[in-house]
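Colleague: So I've got this file, data.cif, and it contains mmCIF, C-alpha atoms:
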```cif
data_entry
loop_
_atom_site.label_atom_id
_atom_site.label_comp_id
_atom_site.auth_asym_id
_atom_site.auth_seq_id
_atom_site.Cartn_x
_atom_site.Cartn_y
_atom_site.Cartn_z
CA MET X 221 104.89 91.39 -57.71
CA VAL X 222 105.52 88.79 -60.44
CA ALA X 223 103.53 86.22 -58.47
CA ASP X 224 100.64 88.67 -58.01
CA PHE X 225 100.69 89.42 -61.74
CA THR X 226 100.52 85.71 -62.57
CA TRP X 227 97.73 84.95 -60.12
CA ALA X 228 95.72 87.94 -61.33
CA TRP X 229 95.80 86.57 -64.87
CA ILE X 230 94.81 83.11 -63.60
CA ALA X 231 91.85 84.76 -61.86
CA LEU X 232 90.92 86.46 -65.13
CA ALA X 233 91.04 83.13 -66.95
CA LEU X 234 88.78 81.60 -64.28
CA ALA X 235 86.37 84.53 -64.67
CA THR X 236 86.34 84.25 -68.46
CA PHE X 237 85.16 80.62 -68.34
CA PRO X 238 81.75 81.24 -66.68
CA ALA X 239 81.31 84.49 -68.58
CA THR X 240 81.62 82.67 -71.89
CA MET X 241 79.37 79.82 -70.80
CA GLY X 242 76.87 82.21 -69.30
CA VAL X 243 76.48 84.17 -72.53
CA VAL X 244 75.91 80.95 -74.48
CA ASN X 245 73.42 79.55 -71.96
CA LEU X 246 71.48 82.81 -71.72
CA PHE X 247 70.88 82.35 -75.44
CA LEU X 248 70.13 78.61 -75.23
CA VAL X 249 67.73 78.44 -72.28
CA ARG X 250 64.39 79.77 -73.49
CA PRO X 251 60.74 79.71 -72.36
CA PRO X 252 58.81 76.53 -73.16
CA GLU X 253 57.08 76.29 -76.54
CA GLY X 254 54.32 74.03 -77.79
CA LYS X 255 50.73 73.00 -77.15
CA PRO X 256 49.64 69.90 -75.23
CA LYS X 257 48.19 67.01 -77.20
CA ASP X 258 44.48 66.26 -77.07
CA GLY X 259 43.65 64.14 -74.06
CA THR X 260 46.49 65.52 -71.93
CA LEU X 261 45.78 65.59 -68.20
CA VAL X 262 48.35 67.24 -65.98
CA SER X 263 48.37 66.00 -62.41
CA VAL X 264 49.72 68.80 -60.24
CA LEU X 265 51.30 67.03 -57.28
CA ILE X 266 52.09 68.86 -54.05
CA PRO X 267 53.90 67.24 -51.10
CA ALA X 268 52.98 69.19 -47.97
CA ARG X 269 54.32 68.95 -44.43
CA ASN X 270 53.17 71.73 -42.08
CA GLU X 271 52.39 74.15 -44.92
CA GLU X 272 49.34 75.96 -43.54
CA ALA X 273 50.98 79.30 -44.35
CA ASN X 274 51.44 78.36 -48.00
CA ILE X 275 48.98 75.78 -49.18
CA ALA X 276 45.92 77.99 -49.80
CA ALA X 277 47.80 80.45 -52.03
CA CYS X 278 49.44 77.52 -53.82
CA LEU X 279 46.08 75.91 -54.56
CA ASP X 280 44.52 79.19 -55.65
CA ALA X 281 47.27 79.63 -58.22
CA VAL X 282 47.01 76.08 -59.58
CA LEU X 283 43.22 76.25 -59.83
CA ALA X 284 43.63 79.27 -62.13
CA SER X 285 45.44 77.07 -64.68
CA ARG X 286 44.19 77.23 -68.25
CA GLY X 287 44.90 75.58 -71.59
CA VAL X 288 45.00 71.99 -70.31
CA ALA X 289 42.96 69.75 -68.04
CA ILE X 290 44.38 69.43 -64.53
CA GLU X 291 43.87 67.56 -61.32
CA ILE X 292 45.51 68.54 -58.04
CA VAL X 293 46.66 66.00 -55.49
CA VAL X 294 48.09 67.13 -52.16
CA MET X 295 49.96 64.61 -50.02
CA ASP X 296 49.73 65.57 -46.37
CA ASP X 297 52.99 64.20 -44.99
CA GLY X 298 52.40 64.01 -41.25
CA SER X 299 51.46 67.66 -40.75
CA THR X 300 50.69 68.79 -37.22
CA ASP X 301 49.14 72.10 -38.29
CA ARG X 302 46.01 72.96 -40.33
CA THR X 303 47.43 71.89 -43.72
CA ALA X 304 45.05 68.93 -44.14
CA ALA X 305 41.99 70.89 -43.02
CA ILE X 306 42.69 73.67 -45.50
CA VAL X 307 43.07 71.21 -48.38
CA GLN X 308 39.90 69.38 -47.36
CA GLY X 309 38.04 72.67 -47.61
CA TYR X 310 39.25 73.17 -51.18
CA ALA X 311 38.41 69.57 -52.08
CA ALA X 312 34.86 70.04 -50.83
CA ARG X 313 34.43 73.02 -53.18
CA ASP X 314 36.30 71.80 -56.27
CA SER X 315 36.38 68.21 -57.53
CA ARG X 316 39.79 68.78 -59.15
CA VAL X 317 41.40 68.83 -55.69
CA ARG X 318 42.13 65.67 -53.69
CA LEU X 319 43.82 65.16 -50.35
CA GLU X 320 45.89 62.06 -49.65
CA GLN X 321 47.59 61.03 -46.41
CA ALA X 322 51.15 59.75 -46.61
CA PRO X 323 51.72 56.42 -44.87
CA PRO X 324 54.52 56.16 -42.28
CA LEU X 325 57.97 56.80 -43.75
CA PRO X 326 59.61 53.46 -44.65
CA ALA X 327 63.25 52.80 -43.82
CA GLY X 328 65.67 54.00 -46.46
CA TRP X 329 63.40 56.74 -47.81
CA THR X 330 63.61 60.51 -47.36
CA GLY X 331 60.39 62.31 -46.60
CA LYS X 332 59.74 64.39 -49.70
CA VAL X 333 60.81 61.61 -52.07
CA HIS X 334 58.42 59.19 -50.37
CA ALA X 335 55.58 61.72 -50.56
CA CYS X 336 56.29 62.33 -54.26
CA GLN X 337 56.18 58.61 -55.06
CA ARG X 338 52.89 58.23 -53.22
CA LEU X 339 51.56 61.25 -55.15
CA ALA X 340 52.57 59.63 -58.43
CA ASP X 341 50.82 56.43 -57.37
CA ALA X 342 47.61 58.38 -56.71
CA ALA X 343 47.76 60.50 -59.88
CA ARG X 344 45.66 59.84 -62.97
CA GLY X 345 47.39 62.21 -65.37
CA THR X 346 49.35 61.71 -68.56
CA HIS X 347 51.90 64.15 -67.11
CA LEU X 348 52.97 64.66 -63.52
CA LEU X 349 53.84 68.21 -62.44
CA PHE X 350 55.58 68.20 -59.06
CA ILE X 351 55.62 71.56 -57.28
CA ASP X 352 56.38 72.68 -53.74
CA ALA X 353 53.75 74.29 -51.54
CA ASP X 354 55.61 77.62 -51.65
CA VAL X 355 55.36 77.75 -55.47
CA ARG X 356 52.78 79.98 -57.14
CA LEU X 357 52.08 78.57 -60.59
CA ALA X 358 51.31 80.91 -63.49
CA PRO X 359 48.00 80.24 -65.30
CA ASP X 360 49.65 78.94 -68.50
CA ALA X 361 52.50 77.04 -66.82
CA ALA X 362 51.01 73.53 -66.82
CA ALA X 363 49.87 73.81 -70.44
CA SER X 364 53.11 75.29 -71.73
CA MET X 365 55.30 72.73 -69.97
CA ALA X 366 53.17 69.81 -71.21
CA GLY X 367 53.19 71.39 -74.67
CA HIS X 368 56.96 71.68 -74.62
CA ALA X 369 57.26 68.03 -73.65
CA ALA X 370 54.96 67.07 -76.54
CA ARG X 371 56.86 69.21 -79.06
CA THR X 372 60.35 68.06 -78.05
CA GLY X 373 59.66 64.51 -76.90
CA ALA X 374 61.33 65.26 -73.58
CA GLY X 375 60.51 62.95 -70.71
CA MET X 376 61.13 65.77 -68.23
CA VAL X 377 60.65 69.53 -68.48
CA THR X 378 61.77 71.65 -65.56
CA GLY X 379 62.69 75.22 -64.73
CA VAL X 380 63.63 77.46 -61.83
CA PRO X 381 60.69 79.65 -60.74
CA ARG X 382 61.31 83.35 -60.29
CA GLN X 383 62.78 83.52 -56.81
CA VAL X 384 61.14 86.06 -54.52
CA ILE X 385 63.91 87.64 -52.43
CA GLU X 386 63.09 90.16 -49.73
CA SER X 387 65.78 89.84 -47.05
CA LEU X 388 69.56 90.09 -46.89
CA GLY X 389 69.78 86.43 -45.86
CA GLU X 390 67.94 85.38 -49.00
CA ALA X 391 70.02 87.70 -51.16
CA ALA X 392 73.22 86.14 -49.80
CA THR X 393 72.15 82.61 -50.77
CA VAL X 394 69.26 82.15 -53.20
CA PRO X 395 70.76 83.82 -56.33
CA MET X 396 73.42 81.10 -56.58
CA ILE X 397 70.78 78.68 -57.89
CA ASN X 398 70.43 80.40 -61.25
CA PHE X 399 74.01 81.66 -61.33
CA LEU X 400 75.47 78.16 -61.10
CA LEU X 401 72.94 76.70 -63.51
CA ILE X 402 73.50 79.29 -66.22
CA CYS X 403 77.21 80.00 -65.78
CA TYR X 404 78.72 76.65 -64.85
CA LEU X 405 76.59 73.94 -66.47
CA PRO X 406 77.42 73.24 -70.13
CA GLY X 407 74.26 73.65 -72.16
CA GLY X 408 72.37 74.96 -69.16
CA GLY X 409 70.60 71.62 -68.80
CA ARG X 410 69.14 71.63 -72.32
CA ALA X 411 68.16 68.27 -73.78
CA PHE X 412 70.85 68.24 -76.49
CA THR X 413 73.38 67.50 -73.74
CA LYS X 414 72.71 63.77 -73.37
CA ARG X 415 75.11 62.92 -70.54
CA SER X 416 73.47 62.35 -67.17
CA GLY X 417 76.27 64.28 -65.48
CA MET X 418 75.14 67.36 -67.38
CA ALA X 419 71.53 66.99 -66.29
CA ALA X 420 69.88 69.51 -64.02
CA ALA X 421 66.44 69.96 -62.54
CA CYS X 422 64.59 72.06 -60.02
CA GLY X 423 62.33 70.12 -57.69
CA GLN X 424 60.19 73.23 -57.17
CA LEU X 425 58.82 72.93 -60.72
CA LEU X 426 59.26 69.57 -62.42
CA LEU X 427 57.04 67.98 -65.07
CA VAL X 428 57.54 64.38 -66.17
CA GLU X 429 55.74 62.38 -68.83
CA ARG X 430 53.99 59.52 -67.06
CA ALA X 431 55.29 56.68 -69.22
CA ALA X 432 58.89 57.91 -68.90
CA TYR X 433 58.49 58.27 -65.14
CA ASP X 434 57.18 54.72 -64.78
CA HIS X 435 59.87 53.34 -67.09
CA THR X 436 62.65 54.73 -64.90
CA GLY X 437 61.12 53.56 -61.62
CA GLY X 438 60.14 57.07 -60.53
CA HIS X 439 61.03 58.39 -57.11
CA ALA X 440 61.29 54.83 -55.78
CA ALA X 441 64.51 54.49 -57.77
CA VAL X 442 66.06 57.47 -55.91
CA LYS X 443 64.37 56.90 -52.56
CA GLY X 444 67.32 57.78 -50.33
CA VAL X 445 68.22 61.20 -51.77
CA LEU X 446 67.39 64.69 -50.60
CA HIS X 447 67.96 66.46 -53.94
CA ASP X 448 65.25 64.51 -55.75
CA GLY X 449 65.01 66.71 -58.84
CA LEU X 450 68.66 66.30 -59.80
CA ALA X 451 68.67 62.56 -59.05
CA LEU X 452 65.52 61.99 -61.10
CA ALA X 453 66.91 63.96 -64.06
CA ARG X 454 70.09 61.88 -64.07
CA LEU X 455 68.09 58.67 -63.75
CA MET X 456 65.90 59.59 -66.71
CA ARG X 457 68.87 60.40 -68.91
CA ASP X 458 70.54 57.12 -68.00
CA ALA X 459 67.33 55.37 -69.09
CA GLY X 460 67.39 57.14 -72.47
CA HIS X 461 64.82 59.88 -71.83
CA ALA X 462 65.62 63.51 -72.69
CA THR X 463 65.41 66.06 -69.89
CA GLU X 464 65.04 69.74 -70.61
CA ILE X 465 65.62 72.94 -68.64
CA VAL X 466 63.42 75.84 -69.74
CA GLU X 467 63.26 79.43 -68.57
CA GLY X 468 61.14 79.28 -65.44
CA ALA X 469 60.72 82.92 -64.42
CA GLY X 470 57.48 83.22 -66.37
CA LEU X 471 56.09 79.90 -65.20
CA ALA X 472 55.99 80.34 -61.43
CA THR X 473 57.27 82.29 -58.45
CA CYS X 474 58.64 80.89 -55.22
CA ARG X 475 59.83 82.30 -51.94
CA MET X 476 61.89 79.43 -50.55
CA TYR X 477 62.94 80.94 -47.23
CA THR X 478 62.49 84.15 -45.28
CA ASN X 479 65.71 84.43 -43.26
CA PHE X 480 69.38 83.48 -43.32
CA ALA X 481 69.10 80.59 -40.86
CA ASP X 482 66.47 78.84 -42.97
CA CYS X 483 68.46 79.51 -46.13
CA TRP X 484 71.58 77.98 -44.59
CA ALA X 485 69.69 74.89 -43.40
CA GLY X 486 67.83 74.46 -46.67
CA PHE X 487 70.85 74.70 -48.94
CA SER X 488 72.96 72.59 -46.61
CA LYS X 489 70.59 69.63 -46.86
CA ASN X 490 71.23 69.28 -50.61
CA ALA X 491 74.94 70.07 -50.56
CA ARG X 492 76.34 66.55 -50.28
CA GLU X 493 74.41 65.53 -53.38
CA GLY X 494 75.79 68.53 -55.23
CA MET X 495 79.25 70.03 -55.05
CA ALA X 496 80.14 69.20 -51.39
CA THR X 497 82.21 66.09 -52.08
CA PRO X 498 85.85 65.53 -51.06
CA VAL X 499 86.96 65.48 -54.70
CA GLY X 500 84.60 68.03 -56.19
CA LEU X 501 84.52 70.79 -53.61
CA PRO X 502 88.21 71.80 -53.82
CA VAL X 503 87.76 72.16 -57.59
CA TRP X 504 84.58 74.19 -57.16
CA THR X 505 86.30 76.36 -54.56
CA ALA X 506 89.16 77.14 -56.94
CA MET X 507 86.74 77.93 -59.76
CA LEU X 508 84.33 80.10 -57.78
CA ALA X 509 86.72 81.81 -55.40
CA GLY X 510 89.32 82.20 -58.13
CA ALA X 511 86.92 83.98 -60.46
CA HIS X 512 84.85 86.04 -58.03
CA LEU X 513 86.85 86.51 -54.79
CA TRP X 514 90.58 86.25 -55.46
CA PRO X 515 90.68 89.24 -57.84
CA PHE X 516 90.03 91.57 -54.89
CA VAL X 517 93.38 90.51 -53.43
CA PHE X 518 95.28 91.61 -56.56
CA LEU X 519 93.73 95.04 -57.07
CA PRO X 520 94.62 97.37 -58.75
CA ASN X 521 96.13 94.92 -61.23
CA THR X 522 94.44 95.36 -64.62
CA ALA X 523 93.67 91.66 -64.98
CA ALA X 524 92.01 91.65 -61.55
CA ILE X 525 89.88 94.66 -62.47
CA ILE X 526 88.76 92.98 -65.69
CA ALA X 527 88.00 89.73 -63.83
CA LEU X 528 85.80 91.55 -61.32
CA ALA X 529 84.08 93.52 -64.07
CA LEU X 530 83.30 90.27 -65.89
CA GLY X 531 81.95 88.69 -62.73
CA PHE X 532 79.64 91.57 -61.87
CA ALA X 533 78.49 91.95 -65.48
CA LEU X 534 77.69 88.26 -65.65
CA ARG X 535 75.81 88.36 -62.38
CA ALA X 536 73.85 91.38 -63.59
CA ALA X 537 72.90 89.63 -66.83
CA VAL X 538 71.71 86.52 -65.01
CA THR X 539 69.85 88.50 -62.34
CA LEU X 540 67.95 90.58 -64.86
CA ARG X 541 67.14 87.57 -67.03
CA VAL X 542 65.68 85.51 -64.17
CA ARG X 543 63.92 88.58 -62.75
CA GLU X 544 65.57 88.62 -59.34
CA PRO X 545 65.96 91.95 -57.51
CA TRP X 546 68.62 94.27 -58.94
CA TRP X 547 69.85 95.23 -55.48
CA THR X 548 71.26 91.72 -55.00
CA ILE X 549 73.87 92.29 -57.75
CA PRO X 550 76.40 94.25 -55.62
CA LEU X 551 76.22 91.43 -53.05
CA HIS X 552 77.63 88.92 -55.55
CA PRO X 553 81.00 88.33 -53.78
CA LEU X 554 79.16 87.75 -50.50
CA THR X 555 76.82 85.30 -52.22
CA VAL X 556 79.76 83.30 -53.60
CA ALA X 557 81.53 83.29 -50.22
CA VAL X 558 78.40 82.14 -48.36
CA ALA X 559 77.75 79.41 -50.94
CA LEU X 560 81.26 78.02 -50.42
CA ALA X 561 80.90 78.26 -46.64
CA ILE X 562 77.66 76.24 -46.80
CA GLN X 563 79.28 73.59 -48.98
CA TRP X 564 82.39 73.22 -46.80
CA THR X 565 80.27 73.05 -43.64
CA ALA X 566 78.10 70.34 -45.20
CA LEU X 567 81.17 68.38 -46.30
CA VAL X 568 82.76 68.51 -42.84
CA ARG X 569 79.48 67.48 -41.20
CA GLY X 570 79.21 64.57 -43.59
CA LEU X 571 82.77 63.42 -42.91
CA MET X 572 82.03 63.61 -39.18
CA GLY X 573 78.99 61.36 -39.67
CA LYS X 574 76.44 63.98 -38.65
CA PRO X 575 73.03 63.38 -40.23
CA ALA X 576 71.26 65.76 -42.55
CA GLY X 577 67.78 66.80 -41.56
CA TRP X 578 64.76 68.69 -42.79
CA LYS X 579 61.33 69.50 -41.32
CA GLY X 580 61.92 67.54 -38.14
CA ARG X 581 63.43 64.45 -39.76
CA ALA X 582 67.08 63.37 -39.56
CA TYR X 583 68.70 61.15 -42.18
CA GLN X 584 71.80 59.34 -41.01
CA GLY X 585 74.45 58.95 -43.68
CA ILE X 586 73.07 61.74 -45.88
CA GLY X 587 74.56 65.23 -46.06
#
```
As a first step, turn the structure in this file into structure tokens.
Modeller:
Amino acid sequence: MVADFTWAWIALALATFPATMGVVNLFLVRPPEGKPKDGTLVSVLIPARNEEANIAACLDAVLASRGVAIEIVVMDDGSTDRTAAIVQGYAARDSRVRLEQAPPLPAGWTGKVHACQRLADAARGTHLLFIDADVRLAPDAAASMAGHAARTGAGMVTGVPRQVIESLGEAATVPMINFLLICYLPGGGRAFTKRSGMAAACGQLLLVERAAYDHTGGHAAVKGVLHDGLALARLMRDAGHATEIVEGAGLATCRMYTNFADCWAGFSKNAREGMATPVGLPVWTAMLAGAHLWPFVFLPNTAAIIALALGFALRAAVTLRVREPWWTIPLHPLTVAVALAIQWTALVRGLMGKPAGWKGRAYQGIG
């Protein structure tokens, strides 16, 4: 009984940490503010590999942009479906749209990173806005992000789009993106935290100032990674450029995956470049399981009840702020458990030398 009492209070302490940080970050991370400078051109850059189900809706959303001049460049990265034909149709109707074909993938590069570098090479803009084909950009998003960069002097402005969640598999995985960002990252990725280790970025919605991008070497400097947004943010901070997380729910929407299998595969590919390291993962496991899972073991201890109440209240606050479905809140313990299972599986696979893969490509030595 004494041991249970002690562990329950440890769990409460572990739950208090993210609750405190979450409250602070919910205050700090705000929507972008500012107007783009005269002469700003935002190049909206879309890497696309077999995206015929997404690319038309993505282009329709970007073409509705207002408040800043845009161009749209789509890099067809070896698609075997109708992706290229669909983009060609848009390009024939609107001169703002261009289609480029990615050259063969060089050794040492990952697919999306290579496509993004080739997009940057083809772009003419003062700012480069990288988005995924499953992102639906809001009409004012490009202007407000470029305006925020101009007002703050940030070399990178990024945010997490509002995640569209419609299945149990998505609900058990996707909400951890915002939960970890807001509740476990000091400053929530705001620019006043200068250290590269405190940087964060979302590759779904990532704007960089062209001169800062070129100064750091761009995607070519992180050519072997799978989590390109995070690597690029750290690179830019190391080079002296500020990177800024803004509230992204009003800037875009995104439905990343539609089922649990795709969610598992998608989150697994980035795990080794995140928390799934031999040193880091045991610490993350203690922090996450200790705060959100262990308290169930010690019920009805008062400290355990308070710890669980804090965890659910925090999850509710984050969920409502980022506009994810309310019905995902009661699934919070499952979401934490699945996240840890993904990370441990990715770590074991990496230690066994099994390659990571995505969209038909395998990368030995990664993930």
Colleague: Find the residues near Leu508 (chain X): any atom within 12 Å, counting only C-alpha atoms, skip ones fewer than 2 places away on the same chain, and give them as an MDAnalysis selection string.
Modeller: chainID X and resid 231:238 396 399:400 403:404 495 501:506 510:515 527 531 552:561
Colleague: With only C-alpha atoms as the basis for distance, which of X:Leu248, X:Val542, X:Ala312, X:Leu261 is at the shortest distance from Glu291 (chain X)?
Modeller: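 Ranked by minimum distance to Glu291 (chain X), first place goes to X:Leu261.
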Colleague: Please, which residues are within 7 Å of (63.4, 82.5, -53.9) by the file's coordinates, counting only C-alpha atoms, and could they come as JSON, numbers by chain?
Modeller: {"X": [382, 383, 384, 385, 394, 474, 475, 476, 477]}
Colleague: Calculated over all atoms listed in the file, which of the candidates X:Ile402, X:His439, X:Thr473, X:Leu426 has the smallest distance to Ala362 (chain X)?
Modeller: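 Looking only at the distances to Ala362 (chain X), the closest residue turns out to be X:Leu426.
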Colleague: When the PyMOL selection byres ((chain X and resi 389-391) around 8) is applied to the file above, which residues end up in the set, as a ChimeraX atom specification?
Modeller: /X:385-388,392-395,477-481,483,548,551,555
Colleague: What is the CA of Arg344 (chain X) to CA of Val445 (chain X) distance in Å?
Modeller: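 Between CA of Arg344 (chain X) and CA of Val445 (chain X) the gap works out to 25.2 Å.
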Colleague: Just give me the gap between CA of Gly437 (chain X) and CA of Ala340 (chain X) in Å, one decimal is fine.
Modeller: 11.0 Å
Colleague: Determine the residue set returned by the PyMOL selection byres ((chain X and resi 292-298) around 7) for the present structure, and present it as a list in words.
Modeller: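 For this structure, the PyMOL selection byres ((chain X and resi 292-298) around 7) captures Ser263, Val264, Leu265, Ile266, Pro267, Ala268, Arg269, Ile290, Glu291, Ser299, Thr300, Ala304, Arg316, Val317, Arg318, Leu319, Glu320, Gln321, Ala322, Ala335 and Leu339 of chain X.
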Colleague: From the list X:Ala491, X:Ala369, X:Ala523, X:Ala305, which residue is nearest His347 (chain X) when using only C-alpha atoms?
Modeller: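 Under the stated criterion, the closest residue is X:Ala369.
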Colleague: Nearest residue to Leu246 (chain X) out of X:His334, X:Leu530, X:Val466, X:His447, using all atoms listed in the file?
Modeller: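 Smallest separation from Leu246 (chain X) among the options: X:Val466.
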Colleague: Pull out every residue that the PyMOL selection byres ((chain X and resi 380) around 8) matches in the shown coordinates and put them as JSON, numbers by chain.
Modeller: {"X": [378, 379, 381, 382, 383, 398, 422, 424, 425, 467, 468, 469]}
Colleague: In terms of the shortest atom-to-atom distance over only C-alpha atoms, which of X:Ala358, X:Ile306, X:Tyr433, X:Arg371 is closest to Glu272 (chain X)?
Modeller: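 Ranked by minimum distance to Glu272 (chain X), first place goes to X:Ile306.
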Colleague: Counting only C-alpha atoms, what is within 12 Å of Ala441 (chain X), bar same-chain residues fewer than 6 positions away, as a PyMOL selection string?
Modeller: chain X and resi 328-329+333-334+336-337+433-435+448+451-456+459
Colleague: Expressed in Å to a single decimal, how great is the separation between CA of Ala432 (chain X) and CA of Thr372 (chain X)?
Modeller: 13.7 Å
Colleague: Which residue is closest to Leu279 (chain X)? Choose from X:Arg356, X:His461, X:Arg313, X:Lys489 and count only C-alpha atoms.
Modeller: X:Arg356
Colleague: Near Trp546 (chain X), within 9 Å and counting only C-alpha atoms, which residues show up once chain neighbours fewer than 6 positions away are dropped, as a VMD selection string?
Modeller: chain X and resid 536 539 to 540
Colleague: Around all the atoms of region 280-292 of chain X listed in the file, draw an axis-aligned box and extend it by 3 Å on each of the six sides; I want its centre and edge lengths in Å to one decimal, as JSON.
Modeller:
```
{"center_x": 45.1, "center_y": 73.6, "center_z": -63.6, "size_x": 10.3, "size_y": 18.1, "size_z": 21.9}
```
Colleague: Output: region 559-571 of chain X of the preceding structure, restricted to N, CA, C and O atoms, written as a PDB file, in the first residue's frame.
Modeller:
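After the write, part_38.pdb holds the following:
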```
ATOM      1  N   ALA X 559       0.679   5.210 -29.423  1.00  0.00           N
ATOM      2  CA  ALA X 559       1.854   5.997 -29.780  1.00  0.00           C
ATOM      3  C   ALA X 559       3.124   5.333 -29.268  1.00  0.00           C
ATOM      4  O   ALA X 559       4.126   5.233 -29.990  1.00  0.00           O
ATOM      5  N   LEU X 560       3.103   4.862 -28.024  1.00  0.00           N
ATOM      6  CA  LEU X 560       4.280   4.192 -27.468  1.00  0.00           C
ATOM      7  C   LEU X 560       4.543   2.872 -28.181  1.00  0.00           C
ATOM      8  O   LEU X 560       5.708   2.507 -28.424  1.00  0.00           O
ATOM      9  N   ALA X 561       3.492   2.145 -28.538  1.00  0.00           N
ATOM     10  CA  ALA X 561       3.671   0.886 -29.268  1.00  0.00           C
ATOM     11  C   ALA X 561       4.324   1.131 -30.621  1.00  0.00           C
ATOM     12  O   ALA X 561       5.216   0.373 -31.052  1.00  0.00           O
ATOM     13  N   ILE X 562       3.913   2.190 -31.322  1.00  0.00           N
ATOM     14  CA  ILE X 562       4.523   2.532 -32.608  1.00  0.00           C
ATOM     15  C   ILE X 562       5.997   2.848 -32.430  1.00  0.00           C
ATOM     16  O   ILE X 562       6.857   2.377 -33.194  1.00  0.00           O
ATOM     17  N   GLN X 563       6.309   3.640 -31.423  1.00  0.00           N
ATOM     18  CA  GLN X 563       7.696   4.043 -31.205  1.00  0.00           C
ATOM     19  C   GLN X 563       8.585   2.848 -30.855  1.00  0.00           C
ATOM     20  O   GLN X 563       9.695   2.720 -31.380  1.00  0.00           O
ATOM     21  N   TRP X 564       8.118   1.979 -29.969  1.00  0.00           N
ATOM     22  CA  TRP X 564       8.918   0.812 -29.586  1.00  0.00           C
ATOM     23  C   TRP X 564       9.100  -0.145 -30.767  1.00  0.00           C
ATOM     24  O   TRP X 564      10.182  -0.719 -30.957  1.00  0.00           O
ATOM     25  N   THR X 565       8.054  -0.304 -31.566  1.00  0.00           N
ATOM     26  CA  THR X 565       8.169  -1.163 -32.750  1.00  0.00           C
ATOM     27  C   THR X 565       9.191  -0.598 -33.727  1.00  0.00           C
ATOM     28  O   THR X 565      10.029  -1.332 -34.280  1.00  0.00           O
ATOM     29  N   ALA X 566       9.146   0.731 -33.929  1.00  0.00           N
ATOM     30  CA  ALA X 566      10.108   1.358 -34.839  1.00  0.00           C
ATOM     31  C   ALA X 566      11.530   1.227 -34.309  1.00  0.00           C
ATOM     32  O   ALA X 566      12.467   0.987 -35.085  1.00  0.00           O
ATOM     33  N   LEU X 567      11.704   1.366 -32.992  1.00  0.00           N
ATOM     34  CA  LEU X 567      13.043   1.242 -32.418  1.00  0.00           C
ATOM     35  C   LEU X 567      13.584  -0.172 -32.599  1.00  0.00           C
ATOM     36  O   LEU X 567      14.740  -0.358 -33.011  1.00  0.00           O
ATOM     37  N   VAL X 568      12.766  -1.172 -32.317  1.00  0.00           N
ATOM     38  CA  VAL X 568      13.202  -2.565 -32.460  1.00  0.00           C
ATOM     39  C   VAL X 568      13.534  -2.874 -33.915  1.00  0.00           C
ATOM     40  O   VAL X 568      14.552  -3.508 -34.219  1.00  0.00           O
ATOM     41  N   ARG X 569      12.706  -2.392 -34.834  1.00  0.00           N
ATOM     42  CA  ARG X 569      12.981  -2.616 -36.259  1.00  0.00           C
ATOM     43  C   ARG X 569      14.302  -1.978 -36.661  1.00  0.00           C
ATOM     44  O   ARG X 569      15.083  -2.554 -37.417  1.00  0.00           O
ATOM     45  N   GLY X 570      14.549  -0.779 -36.136  1.00  0.00           N
ATOM     46  CA  GLY X 570      15.795  -0.113 -36.451  1.00  0.00           C
ATOM     47  C   GLY X 570      17.002  -0.861 -35.920  1.00  0.00           C
ATOM     48  O   GLY X 570      18.016  -0.997 -36.605  1.00  0.00           O
ATOM     49  N   LEU X 571      16.899  -1.367 -34.695  1.00  0.00           N
ATOM     50  CA  LEU X 571      18.001  -2.113 -34.094  1.00  0.00           C
ATOM     51  C   LEU X 571      18.253  -3.428 -34.822  1.00  0.00           C
ATOM     52  O   LEU X 571      19.380  -3.939 -34.838  1.00  0.00           O
TER      53      LEU X 571
END
```
